>>> print(open('entry31.pdb').read())   # PDB, C-alpha atoms and all ligand atoms
MODEL        1
ATOM      1  CA  MET A   1       3.598  18.916  30.386
ATOM      2  CA  THR A   2       4.678  15.715  28.616
ATOM      3  CA  VAL A   3       2.309  14.057  26.156
ATOM      4  CA  LYS A   4       2.457  10.435  25.048
ATOM      5  CA  ILE A   5       0.964   9.448  21.695
ATOM      6  CA  PHE A   6       0.643   5.916  20.371
ATOM      7  CA  ALA A   7       1.754   5.569  16.735
ATOM      8  CA  PRO A   8      -0.057   2.459  15.443
ATOM      9  CA  ALA A   9       1.244   0.271  12.630
ATOM     10  CA  LYS A  10      -0.534   0.791   9.299
ATOM     11  CA  ILE A  11      -1.520  -2.296   7.340
ATOM     12  CA  ASN A  12      -2.339  -2.094   3.627
ATOM     13  CA  LEU A  13      -4.957  -4.853   3.402
ATOM     14  CA  THR A  14      -5.092  -4.199  -0.345
ATOM     15  CA  LEU A  15      -2.849  -2.040  -2.518
ATOM     16  CA  HIS A  16      -3.774  -1.644  -6.164
ATOM     17  CA  VAL A  17      -1.455   0.473  -8.304
ATOM     18  CA  THR A  18      -3.740   2.187 -10.796
ATOM     19  CA  GLY A  19      -1.495   4.710 -12.543
ATOM     20  CA  GLN A  20       1.440   7.057 -12.343
ATOM     21  CA  ARG A  21       1.545  10.836 -12.149
ATOM     22  CA  ALA A  22       3.822  12.995 -14.272
ATOM     23  CA  ASP A  23       6.060  13.573 -11.204
ATOM     24  CA  GLY A  24       6.686   9.816 -10.858
ATOM     25  CA  TYR A  25       4.452   9.155  -7.841
ATOM     26  CA  HIS A  26       2.061   6.244  -8.265
ATOM     27  CA  LEU A  27      -1.708   6.368  -8.011
ATOM     28  CA  LEU A  28      -3.049   3.831  -5.545
ATOM     29  CA  ASP A  29      -6.332   2.359  -4.406
ATOM     30  CA  SER A  30      -5.654   0.860  -0.979
ATOM     31  CA  LEU A  31      -7.609  -0.299   2.060
ATOM     32  CA  VAL A  32      -5.709   0.650   5.169
ATOM     33  CA  ALA A  33      -6.265  -0.460   8.770
ATOM     34  CA  PHE A  34      -4.454   0.359  12.007
ATOM     35  CA  VAL A  35      -3.565  -2.193  14.673
ATOM     36  CA  ASP A  36      -2.811  -2.363  18.377
ATOM     37  CA  ILE A  37       0.954  -2.538  18.006
ATOM     38  CA  GLY A  38       3.096   0.452  17.186
ATOM     39  CA  ASP A  39       5.702   2.996  18.218
ATOM     40  CA  GLN A  40       5.262   5.615  20.898
ATOM     41  CA  ILE A  41       6.076   9.327  20.816
ATOM     42  CA  THR A  42       6.586  11.407  23.946
ATOM     43  CA  ALA A  43       6.962  15.158  23.663
ATOM     44  CA  GLN A  44       7.271  18.294  25.723
ATOM     45  CA  ARG A  45       7.889  21.879  24.724
ATOM     46  CA  ALA A  46      11.512  22.974  24.680
ATOM     47  CA  ASP A  47      13.747  25.798  23.428
ATOM     48  CA  GLN A  48      15.122  23.595  20.684
ATOM     49  CA  SER A  49      13.851  20.449  19.017
ATOM     50  CA  SER A  50      15.634  17.205  19.851
ATOM     51  CA  LEU A  51      14.951  13.496  19.501
ATOM     52  CA  ILE A  52      16.055  10.451  21.459
ATOM     53  CA  VAL A  53      15.269   7.047  19.962
ATOM     54  CA  THR A  54      14.966   3.965  22.190
ATOM     55  CA  GLY A  55      13.393   0.531  21.838
ATOM     56  CA  PRO A  56      14.096  -2.727  20.010
ATOM     57  CA  PHE A  57      14.532  -1.078  16.569
ATOM     58  CA  ALA A  58      16.390   2.073  17.684
ATOM     59  CA  ASP A  59      19.627   1.005  16.011
ATOM     60  CA  GLY A  60      20.382   3.024  12.900
ATOM     61  CA  VAL A  61      17.330   5.307  13.216
ATOM     62  CA  PRO A  62      18.563   8.881  12.644
ATOM     63  CA  THR A  63      17.926  11.433  15.382
ATOM     64  CA  ASP A  64      18.752  14.476  13.263
ATOM     65  CA  ALA A  65      16.637  16.623  10.927
ATOM     66  CA  THR A  66      16.351  13.729   8.437
ATOM     67  CA  ASN A  67      14.008  11.839  10.782
ATOM     68  CA  LEU A  68      10.345  12.382   9.848
ATOM     69  CA  VAL A  69       9.630  13.059  13.542
ATOM     70  CA  MET A  70      11.954  16.079  13.442
ATOM     71  CA  LYS A  71      10.447  17.186  10.109
ATOM     72  CA  ALA A  72       6.940  16.911  11.605
ATOM     73  CA  ALA A  73       8.020  18.988  14.614
ATOM     74  CA  GLN A  74       9.367  21.637  12.281
ATOM     75  CA  ILE A  75       6.134  21.805  10.291
ATOM     76  CA  SER A  76       4.127  22.080  13.524
ATOM     77  CA  GLY A  77       5.983  25.283  14.385
ATOM     78  CA  LEU A  78       6.765  24.120  17.943
ATOM     79  CA  HIS A  79      10.136  23.253  19.396
ATOM     80  CA  MET A  80       9.831  19.967  21.274
ATOM     81  CA  GLN A  81      12.024  17.587  23.177
ATOM     82  CA  MET A  82      10.856  14.241  21.825
ATOM     83  CA  GLY A  83      11.289  10.572  22.508
ATOM     84  CA  LEU A  84      10.556   7.810  20.029
ATOM     85  CA  ASP A  85      10.132   4.260  21.298
ATOM     86  CA  LYS A  86      10.832   2.363  18.077
ATOM     87  CA  ARG A  87       9.045  -0.997  18.299
ATOM     88  CA  LEU A  88       8.133  -1.368  14.611
ATOM     89  CA  PRO A  89      10.797  -2.571  12.179
ATOM     90  CA  PRO A  90      11.919   0.338   9.950
ATOM     91  CA  SER A  91      11.373   0.326   6.152
ATOM     92  CA  SER A  92       8.955  -2.547   6.521
ATOM     93  CA  GLY A  93       5.722  -1.549   4.741
ATOM     94  CA  ILE A  94       3.711  -0.842   7.886
ATOM     95  CA  GLY A  95       4.152   2.909   7.907
ATOM     96  CA  GLY A  96       6.688   3.304  10.715
ATOM     97  CA  GLY A  97       8.077   6.696   9.718
ATOM     98  CA  SER A  98       4.687   8.039   8.603
ATOM     99  CA  THR A  99       2.859   6.947  11.755
ATOM    100  CA  ASP A 100       5.646   8.462  13.899
ATOM    101  CA  ALA A 101       5.314  11.739  11.971
ATOM    102  CA  ALA A 102       1.518  11.701  12.389
ATOM    103  CA  ALA A 103       1.877  11.020  16.144
ATOM    104  CA  THR A 104       4.338  13.924  16.398
ATOM    105  CA  LEU A 105       1.813  16.266  14.733
ATOM    106  CA  LYS A 106      -0.819  15.073  17.245
ATOM    107  CA  ALA A 107       1.599  15.647  20.138
ATOM    108  CA  ALA A 108       2.335  19.160  18.880
ATOM    109  CA  ALA A 109      -1.403  19.911  18.622
ATOM    110  CA  ARG A 110      -1.886  18.711  22.227
ATOM    111  CA  LEU A 111       0.947  21.034  23.275
ATOM    112  CA  GLY A 112      -0.755  24.020  21.638
ATOM    113  CA  ALA A 113       0.452  24.068  18.007
ATOM    114  CA  SER A 114      -2.056  25.042  15.326
ATOM    115  CA  PRO A 115      -3.229  22.040  13.321
ATOM    116  CA  VAL A 116      -1.335  21.388  10.095
ATOM    117  CA  THR A 117      -3.190  21.270   6.790
ATOM    118  CA  PRO A 118      -3.658  17.956   4.930
ATOM    119  CA  ALA A 119      -1.340  19.320   2.207
ATOM    120  CA  GLN A 120       1.425  19.903   4.780
ATOM    121  CA  ALA A 121       0.912  16.388   6.171
ATOM    122  CA  LEU A 122       1.120  14.935   2.653
ATOM    123  CA  ARG A 123       4.421  16.708   2.072
ATOM    124  CA  LEU A 124       5.930  14.699   4.955
ATOM    125  CA  GLY A 125       5.009  11.459   3.168
ATOM    126  CA  ALA A 126       2.201   9.963   1.119
ATOM    127  CA  ASP A 127       1.007   7.873   4.092
ATOM    128  CA  VAL A 128       1.009  10.644   6.707
ATOM    129  CA  PRO A 129      -2.592  11.873   6.080
ATOM    130  CA  VAL A 130      -4.021   8.379   6.539
ATOM    131  CA  CYS A 131      -1.858   7.852   9.639
ATOM    132  CA  LEU A 132      -3.235  11.099  11.107
ATOM    133  CA  ALA A 133      -6.721   9.616  10.903
ATOM    134  CA  ALA A 134      -5.548   6.180  12.202
ATOM    135  CA  LYS A 135      -8.930   4.690  11.260
ATOM    136  CA  PRO A 136      -9.903   2.181   8.561
ATOM    137  CA  MET A 137      -9.658   4.096   5.294
ATOM    138  CA  ARG A 138      -9.803   3.726   1.578
ATOM    139  CA  MET A 139      -6.857   5.687   0.270
ATOM    140  CA  ARG A 140      -6.666   6.894  -3.317
ATOM    141  CA  GLY A 141      -4.527   9.286  -5.320
ATOM    142  CA  ILE A 142      -1.041   9.074  -3.867
ATOM    143  CA  GLY A 143      -2.555   9.148  -0.378
ATOM    144  CA  GLU A 144      -4.324  12.504  -0.297
ATOM    145  CA  ASP A 145      -7.790  11.185  -1.082
ATOM    146  CA  VAL A 146      -8.869   9.359   2.094
ATOM    147  CA  GLN A 147     -12.323   8.103   2.884
ATOM    148  CA  GLN A 148     -13.283   6.369   6.127
ATOM    149  CA  ILE A 149     -14.742   2.880   5.700
ATOM    150  CA  LYS A 150     -16.513   0.383   7.955
ATOM    151  CA  LEU A 151     -14.401  -2.681   8.606
ATOM    152  CA  PRO A 152     -15.181  -5.641  10.866
ATOM    153  CA  ALA A 153     -12.668  -6.372  13.669
ATOM    154  CA  LEU A 154      -9.700  -8.286  12.236
ATOM    155  CA  HIS A 155      -7.132 -10.469  13.969
ATOM    156  CA  MET A 156      -3.767 -10.984  12.343
ATOM    157  CA  VAL A 157      -0.227 -12.192  12.590
ATOM    158  CA  LEU A 158       2.395  -9.769  11.286
ATOM    159  CA  VAL A 159       5.758 -11.115  10.161
ATOM    160  CA  ASN A 160       8.873  -9.283   9.074
ATOM    161  CA  PRO A 161      11.976 -11.274   8.141
ATOM    162  CA  ARG A 162      14.136  -8.401   9.474
ATOM    163  CA  VAL A 163      15.187  -7.140   6.088
ATOM    164  CA  ALA A 164      14.618  -3.485   5.188
ATOM    165  CA  VAL A 165      13.048  -2.893   1.776
ATOM    166  CA  SER A 166      13.460   0.351  -0.167
ATOM    167  CA  THR A 167      10.046   1.610  -1.328
ATOM    168  CA  PRO A 168      11.374   3.418  -4.453
ATOM    169  CA  GLU A 169      13.261   0.225  -5.404
ATOM    170  CA  VAL A 170      10.029  -1.820  -5.296
ATOM    171  CA  PHE A 171       8.062   0.764  -7.309
ATOM    172  CA  LYS A 172      10.863   0.738  -9.900
ATOM    173  CA  ARG A 173      10.423  -3.016 -10.459
ATOM    174  CA  LEU A 174       6.687  -2.692 -11.023
ATOM    175  CA  GLU A 175       5.818  -4.016 -14.484
ATOM    176  CA  ALA A 176       2.196  -2.856 -14.927
ATOM    177  CA  LYS A 177       1.176   0.508 -13.500
ATOM    178  CA  ASP A 178      -2.391   0.736 -14.785
ATOM    179  CA  ASN A 179      -4.035  -2.107 -12.883
ATOM    180  CA  ALA A 180      -7.718  -2.309 -12.021
ATOM    181  CA  PRO A 181      -8.839  -0.442  -8.892
ATOM    182  CA  MET A 182     -11.007  -2.019  -6.206
ATOM    183  CA  PRO A 183     -14.767  -2.015  -6.930
ATOM    184  CA  GLU A 184     -16.129   1.550  -6.727
ATOM    185  CA  VAL A 185     -18.664   0.453  -4.078
ATOM    186  CA  LEU A 186     -17.137  -1.812  -1.454
ATOM    187  CA  PRO A 187     -19.202  -4.651   0.044
ATOM    188  CA  ASP A 188     -20.686  -4.404   3.526
ATOM    189  CA  TRP A 189     -18.742  -7.152   5.290
ATOM    190  CA  PRO A 190     -20.725  -8.710   8.171
ATOM    191  CA  ASP A 191     -17.633 -10.136   9.922
ATOM    192  CA  GLY A 192     -13.928 -10.857   9.631
ATOM    193  CA  VAL A 193     -14.493 -14.162   7.833
ATOM    194  CA  ALA A 194     -16.552 -12.478   5.088
ATOM    195  CA  PHE A 195     -13.940  -9.735   4.839
ATOM    196  CA  ALA A 196     -11.060 -12.223   4.550
ATOM    197  CA  ASP A 197     -12.992 -14.096   1.883
ATOM    198  CA  TRP A 198     -13.365 -10.883  -0.131
ATOM    199  CA  LEU A 199      -9.742  -9.962   0.543
ATOM    200  CA  THR A 200      -8.539 -13.044  -1.337
ATOM    201  CA  THR A 201     -10.160 -11.591  -4.502
ATOM    202  CA  GLN A 202      -8.080  -8.379  -4.198
ATOM    203  CA  ARG A 203      -4.318  -7.710  -4.477
ATOM    204  CA  ASN A 204      -1.184  -5.964  -3.418
ATOM    205  CA  ASP A 205       0.392  -5.072  -6.771
ATOM    206  CA  LEU A 206       3.724  -4.395  -5.052
ATOM    207  CA  GLN A 207       4.021  -7.957  -3.753
ATOM    208  CA  ARG A 208       5.563  -9.456  -6.882
ATOM    209  CA  PRO A 209       8.176  -6.684  -7.421
ATOM    210  CA  ALA A 210       8.990  -6.756  -3.684
ATOM    211  CA  VAL A 211       9.698 -10.511  -3.829
ATOM    212  CA  LYS A 212      12.140  -9.796  -6.679
ATOM    213  CA  VAL A 213      13.927  -7.221  -4.522
ATOM    214  CA  MET A 214      13.802  -9.389  -1.373
ATOM    215  CA  PRO A 215      13.184 -13.130  -1.950
ATOM    216  CA  GLU A 216      12.704 -13.731   1.837
ATOM    217  CA  ILE A 217       9.222 -12.272   1.396
ATOM    218  CA  ALA A 218       8.195 -15.375  -0.565
ATOM    219  CA  ALA A 219       9.335 -17.581   2.338
ATOM    220  CA  VAL A 220       7.293 -15.520   4.784
ATOM    221  CA  LEU A 221       4.159 -15.724   2.609
ATOM    222  CA  THR A 222       4.548 -19.492   2.278
ATOM    223  CA  ALA A 223       4.953 -19.931   6.041
ATOM    224  CA  LEU A 224       1.860 -17.776   6.678
ATOM    225  CA  ALA A 225      -0.266 -19.713   4.176
ATOM    226  CA  LEU A 226       0.534 -22.969   6.010
ATOM    227  CA  LEU A 227      -0.661 -21.758   9.438
ATOM    228  CA  PRO A 228      -3.704 -23.473  10.972
ATOM    229  CA  ASN A 229      -7.020 -21.533  10.670
ATOM    230  CA  VAL A 230      -5.531 -18.911   8.322
ATOM    231  CA  LEU A 231      -8.145 -17.087   6.183
ATOM    232  CA  ALA A 232      -6.020 -14.818   3.974
ATOM    233  CA  THR A 233      -2.392 -13.713   3.593
ATOM    234  CA  ARG A 234      -0.693 -10.758   1.901
ATOM    235  CA  MET A 235       2.231  -8.354   2.025
ATOM    236  CA  SER A 236       1.643  -4.835   3.405
ATOM    237  CA  GLY A 237       2.815  -1.686   1.587
ATOM    238  CA  SER A 238       6.103  -2.212  -0.247
ATOM    239  CA  GLY A 239       7.121  -4.943   2.229
ATOM    240  CA  ALA A 240       8.738  -6.806   3.695
ATOM    241  CA  THR A 241       6.085  -7.187   6.446
ATOM    242  CA  CYS A 242       3.344  -9.678   5.563
ATOM    243  CA  PHE A 243       0.132 -10.496   7.416
ATOM    244  CA  ALA A 244      -2.223 -13.419   7.860
ATOM    245  CA  VAL A 245      -5.872 -12.924   8.873
ATOM    246  CA  PHE A 246      -7.694 -15.126  11.408
ATOM    247  CA  GLU A 247     -11.246 -15.258  12.703
ATOM    248  CA  ARG A 248     -10.242 -15.100  16.371
ATOM    249  CA  ARG A 249      -7.535 -13.409  18.416
ATOM    250  CA  GLU A 250      -6.617 -16.746  20.086
ATOM    251  CA  GLU A 251      -5.974 -18.303  16.669
ATOM    252  CA  ALA A 252      -3.697 -15.409  15.724
ATOM    253  CA  GLU A 253      -1.810 -15.721  19.013
ATOM    254  CA  ALA A 254      -1.352 -19.487  18.618
ATOM    255  CA  ALA A 255      -0.182 -19.038  15.015
ATOM    256  CA  ALA A 256       2.274 -16.313  16.077
ATOM    257  CA  ALA A 257       3.733 -18.560  18.790
ATOM    258  CA  GLN A 258       4.159 -21.405  16.298
ATOM    259  CA  LEU A 259       5.823 -19.170  13.689
ATOM    260  CA  ALA A 260       8.138 -17.487  16.187
ATOM    261  CA  HIS A 261       9.239 -20.896  17.461
ATOM    262  CA  GLY A 262      10.087 -22.145  13.966
ATOM    263  CA  ASN A 263      11.691 -18.873  12.820
ATOM    264  CA  PRO A 264      13.410 -17.324  15.840
ATOM    265  CA  TRP A 265      15.049 -14.599  13.739
ATOM    266  CA  TRP A 266      11.777 -13.247  12.309
ATOM    267  CA  TRP A 267       9.817 -10.419  13.925
ATOM    268  CA  VAL A 268       6.410 -12.014  14.624
ATOM    269  CA  LYS A 269       3.473 -10.265  16.336
ATOM    270  CA  PRO A 270      -0.206 -11.046  16.838
ATOM    271  CA  ALA A 271      -2.243  -7.873  16.217
ATOM    272  CA  SER A 272      -5.885  -6.772  16.161
ATOM    273  CA  THR A 273      -7.383  -3.772  14.407
ATOM    274  CA  LEU A 274      -8.066  -0.717  16.549
ATOM    275  CA  PRO A 275     -11.758   0.052  17.018
ATOM    276  CA  ALA A 276     -12.871   2.786  14.574
TER     277      ALA A 276
HETATM  278  O1  LIG B 301       5.878   9.530   0.242
HETATM  279  P1  LIG B 301       6.962   8.619   0.725
HETATM  280  O2  LIG B 301       8.202   9.364   1.133
HETATM  281  O3  LIG B 301       6.490   7.644   1.740
HETATM  282  O4  LIG B 301       7.375   7.722  -0.538
HETATM  283  C1  LIG B 301       8.641   7.106  -0.674
HETATM  284  C2  LIG B 301       8.899   6.806  -2.144
HETATM  285  O5  LIG B 301       8.002   5.802  -2.598
HETATM  286  C3  LIG B 301       8.687   7.955  -3.087
HETATM  287  O6  LIG B 301       9.866   8.723  -3.222
HETATM  288  C4  LIG B 301       8.338   7.262  -4.391
HETATM  289  O7  LIG B 301       9.504   6.783  -5.036
HETATM  290  C5  LIG B 301       7.567   6.046  -3.928
HETATM  291  N1  LIG B 301       6.113   6.261  -3.929
HETATM  292  C6  LIG B 301       5.419   6.262  -5.130
HETATM  293  N2  LIG B 301       4.067   6.451  -5.124
HETATM  294  C7  LIG B 301       3.385   6.598  -3.963
HETATM  295  C8  LIG B 301       4.074   6.587  -2.729
HETATM  296  C9  LIG B 301       5.446   6.411  -2.751
HETATM  297  O8  LIG B 301       6.005   6.111  -6.197
HETATM  298  N3  LIG B 301       2.075   6.764  -3.984
ENDMDL
END
>>> encode(input="entry31.pdb", output="structure tokens", more="lines below")
Ligand code: C5P
Amino acid sequence: MTVKIFAPAKINLTLHVTGQRADGYHLLDSLVAFVDIGDQITAQRADQSSLIVTGPFADGVPTDATNLVMKAAQISGLHMQMGLDKRLPPSSGIGGGSTDAAATLKAAARLGASPVTPAQALRLGADVPVCLAAKPMRMRGIGEDVQQIKLPALHMVLVNPRVAVSTPEVFKRLEAKDNAPMPEVLPDWPDGVAFADWLTTQRNDLQRPAVKVMPEIAAVLTALALLPNVLATRMSGSGATCFAVFERREEAEAAAAQLAHGNPWWWVKPASTLPA
């Protein structure tokens, strides 16, 4: 039996850095959503674990034990022959490695492995627990404290200028680490427009340090802010992928076409949130 699992991109709609633990990891308060574009994992049981990577971003992705997919397989306790269709740009702030690892754990469970504990998932990466849920979440702590939230449907354009950004490098450039969290009680947003309006009052505290590491991010944010019908713009995770929010899917698609035409080198995708 071969199983196929979709590994959706993770978008940090907000990302407030609220502190730092003694071990160096940062405390976050982040709203996370998952969208209809992503990687795909295929897996079947085998005598030994192996990984083949294909797809537009396969180049340079390791296929050995350093890949989070192989680490996830090991934690699951199953040997699997796996395929990864890499459609998301790597090291780009939209959870590629974490969502692949989460999809691998789901594949292993479908093939008969016992479920892994949240603590084991967290050990693979701070974003793996939230990627296992793949639903709109408020994520606190370093990623272990996840709480499902109600989010209206959102339509976006995602843009990556095809530059990989090192997450530790961005955290290192962070000036203030004790920023305000989001409000304890989140509003009840009636629709995407109300959500986008609220979003503009929140932050991604990693945006400024990421621009210092990779100035192209500023160019992307400027281009997004100039799009017709745009409601809000921000960087996701530690970058470099940024997003713009629109009321309607058609507006996001038109904006994506316009951006891709003007910036043929950029990775540009219209995306909508997955239903909860
Ligand atoms: O957990 P993950 O491997 O995705 O994190 C990559 C790096 O990002 C960590 O080694 C750490 O430097 C930084 N990080 C952090 N605080 C977090 C998540 C990641 O400092 N909450």
>>> residues_near_ligand(input="entry31.pdb", ligand="ligand LIG 301 (chain B)", cutoff="7 Å", atoms="all atoms listed in the file", output="PyMOL selection string")
chain A and resi 24-28+124-127+142-143+167-168+171
>>> closest_residue(input="entry31.pdb", among="A:Leu105, A:Val230, A:Ala58, A:Leu78", to="Lys4 in chain A", atoms="all atoms listed in the file")
A:Leu105
>>> atom_distance(input="entry31.pdb", atom1="CA of Ile11 in chain A", atom2="CA of Val32 in chain A")
5.6 Å
>>> resolve_selection(input="entry31.pdb", expression="the PyMOL selection byres (((chain A and resi 249) around 9) and not hetatm)", output="PDB file with C-alpha atoms, in the frame of the given file")
ATOM      1  CA  LEU A 154      -9.700  -8.286  12.236  1.00  0.00           C
ATOM      2  CA  HIS A 155      -7.132 -10.469  13.969  1.00  0.00           C
ATOM      3  CA  MET A 156      -3.767 -10.984  12.343  1.00  0.00           C
ATOM      4  CA  PHE A 246      -7.694 -15.126  11.408  1.00  0.00           C
ATOM      5  CA  GLU A 247     -11.246 -15.258  12.703  1.00  0.00           C
ATOM      6  CA  ARG A 248     -10.242 -15.100  16.371  1.00  0.00           C
ATOM      7  CA  GLU A 250      -6.617 -16.746  20.086  1.00  0.00           C
ATOM      8  CA  GLU A 251      -5.974 -18.303  16.669  1.00  0.00           C
ATOM      9  CA  ALA A 252      -3.697 -15.409  15.724  1.00  0.00           C
ATOM     10  CA  GLU A 253      -1.810 -15.721  19.013  1.00  0.00           C
ATOM     11  CA  ALA A 254      -1.352 -19.487  18.618  1.00  0.00           C
ATOM     12  CA  PRO A 270      -0.206 -11.046  16.838  1.00  0.00           C
ATOM     13  CA  ALA A 271      -2.243  -7.873  16.217  1.00  0.00           C
ATOM     14  CA  SER A 272      -5.885  -6.772  16.161  1.00  0.00           C
TER      15      SER A 272
END
>>> closest_residue(input="entry31.pdb", among="A:Arg140, A:Lys106, A:Lys86, A:Lys10", to="Glu184 in chain A", atoms="only C-alpha atoms")
A:Arg140
>>> build_atoms(input="entry31.pdb", residues="range 11-27 of chain A", atoms="N, CA and C atoms", output="mmCIF file, in the frame of the given file")
data_model
loop_
_atom_site.group_PDB
_atom_site.id
_atom_site.type_symbol
_atom_site.label_atom_id
_atom_site.label_comp_id
_atom_site.auth_asym_id
_atom_site.auth_seq_id
_atom_site.Cartn_x
_atom_site.Cartn_y
_atom_site.Cartn_z
ATOM 1 N N ILE A 11 -1.533 -1.109 8.197
ATOM 2 C CA ILE A 11 -1.520 -2.296 7.340
ATOM 3 C C ILE A 11 -2.269 -1.977 6.055
ATOM 4 N N ASN A 12 -1.616 -2.177 4.908
ATOM 5 C CA ASN A 12 -2.339 -2.094 3.627
ATOM 6 C C ASN A 12 -2.950 -3.464 3.380
ATOM 7 N N LEU A 13 -4.269 -3.567 3.610
ATOM 8 C CA LEU A 13 -4.957 -4.853 3.402
ATOM 9 C C LEU A 13 -5.035 -5.161 1.913
ATOM 10 N N THR A 14 -5.200 -4.095 1.112
ATOM 11 C CA THR A 14 -5.092 -4.199 -0.345
ATOM 12 C C THR A 14 -4.218 -3.045 -0.803
ATOM 13 N N LEU A 15 -3.610 -3.168 -1.963
ATOM 14 C CA LEU A 15 -2.849 -2.040 -2.518
ATOM 15 C C LEU A 15 -2.799 -2.227 -4.033
ATOM 16 N N HIS A 16 -3.717 -1.541 -4.709
ATOM 17 C CA HIS A 16 -3.774 -1.644 -6.164
ATOM 18 C C HIS A 16 -3.082 -0.416 -6.746
ATOM 19 N N VAL A 17 -2.137 -0.646 -7.643
ATOM 20 C CA VAL A 17 -1.455 0.473 -8.304
ATOM 21 C C VAL A 17 -2.210 0.743 -9.600
ATOM 22 N N THR A 18 -2.812 1.941 -9.696
ATOM 23 C CA THR A 18 -3.740 2.187 -10.796
ATOM 24 C C THR A 18 -3.215 3.193 -11.822
ATOM 25 N N GLY A 19 -2.033 3.745 -11.583
ATOM 26 C CA GLY A 19 -1.495 4.710 -12.543
ATOM 27 C C GLY A 19 -0.251 5.378 -12.004
ATOM 28 N N GLN A 20 0.254 6.321 -12.778
ATOM 29 C CA GLN A 20 1.440 7.057 -12.343
ATOM 30 C C GLN A 20 1.303 8.508 -12.746
ATOM 31 N N ARG A 21 1.634 9.415 -11.844
ATOM 32 C CA ARG A 21 1.545 10.836 -12.149
ATOM 33 C C ARG A 21 2.790 11.284 -12.912
ATOM 34 N N ALA A 22 2.692 12.472 -13.492
ATOM 35 C CA ALA A 22 3.822 12.995 -14.272
ATOM 36 C C ALA A 22 5.071 13.157 -13.401
ATOM 37 N N ASP A 23 4.891 13.385 -12.090
ATOM 38 C CA ASP A 23 6.060 13.573 -11.204
ATOM 39 C C ASP A 23 6.644 12.244 -10.716
ATOM 40 N N GLY A 24 6.104 11.115 -11.204
ATOM 41 C CA GLY A 24 6.686 9.816 -10.858
ATOM 42 C C GLY A 24 5.936 9.086 -9.760
ATOM 43 N N TYR A 25 5.220 9.811 -8.917
ATOM 44 C CA TYR A 25 4.452 9.155 -7.841
ATOM 45 C C TYR A 25 3.347 8.279 -8.429
ATOM 46 N N HIS A 26 3.052 7.190 -7.762
ATOM 47 C CA HIS A 26 2.061 6.244 -8.265
ATOM 48 C C HIS A 26 0.692 6.492 -7.665
ATOM 49 N N LEU A 27 -0.326 6.263 -8.480
ATOM 50 C CA LEU A 27 -1.708 6.368 -8.011
ATOM 51 C C LEU A 27 -2.106 5.024 -7.427
#
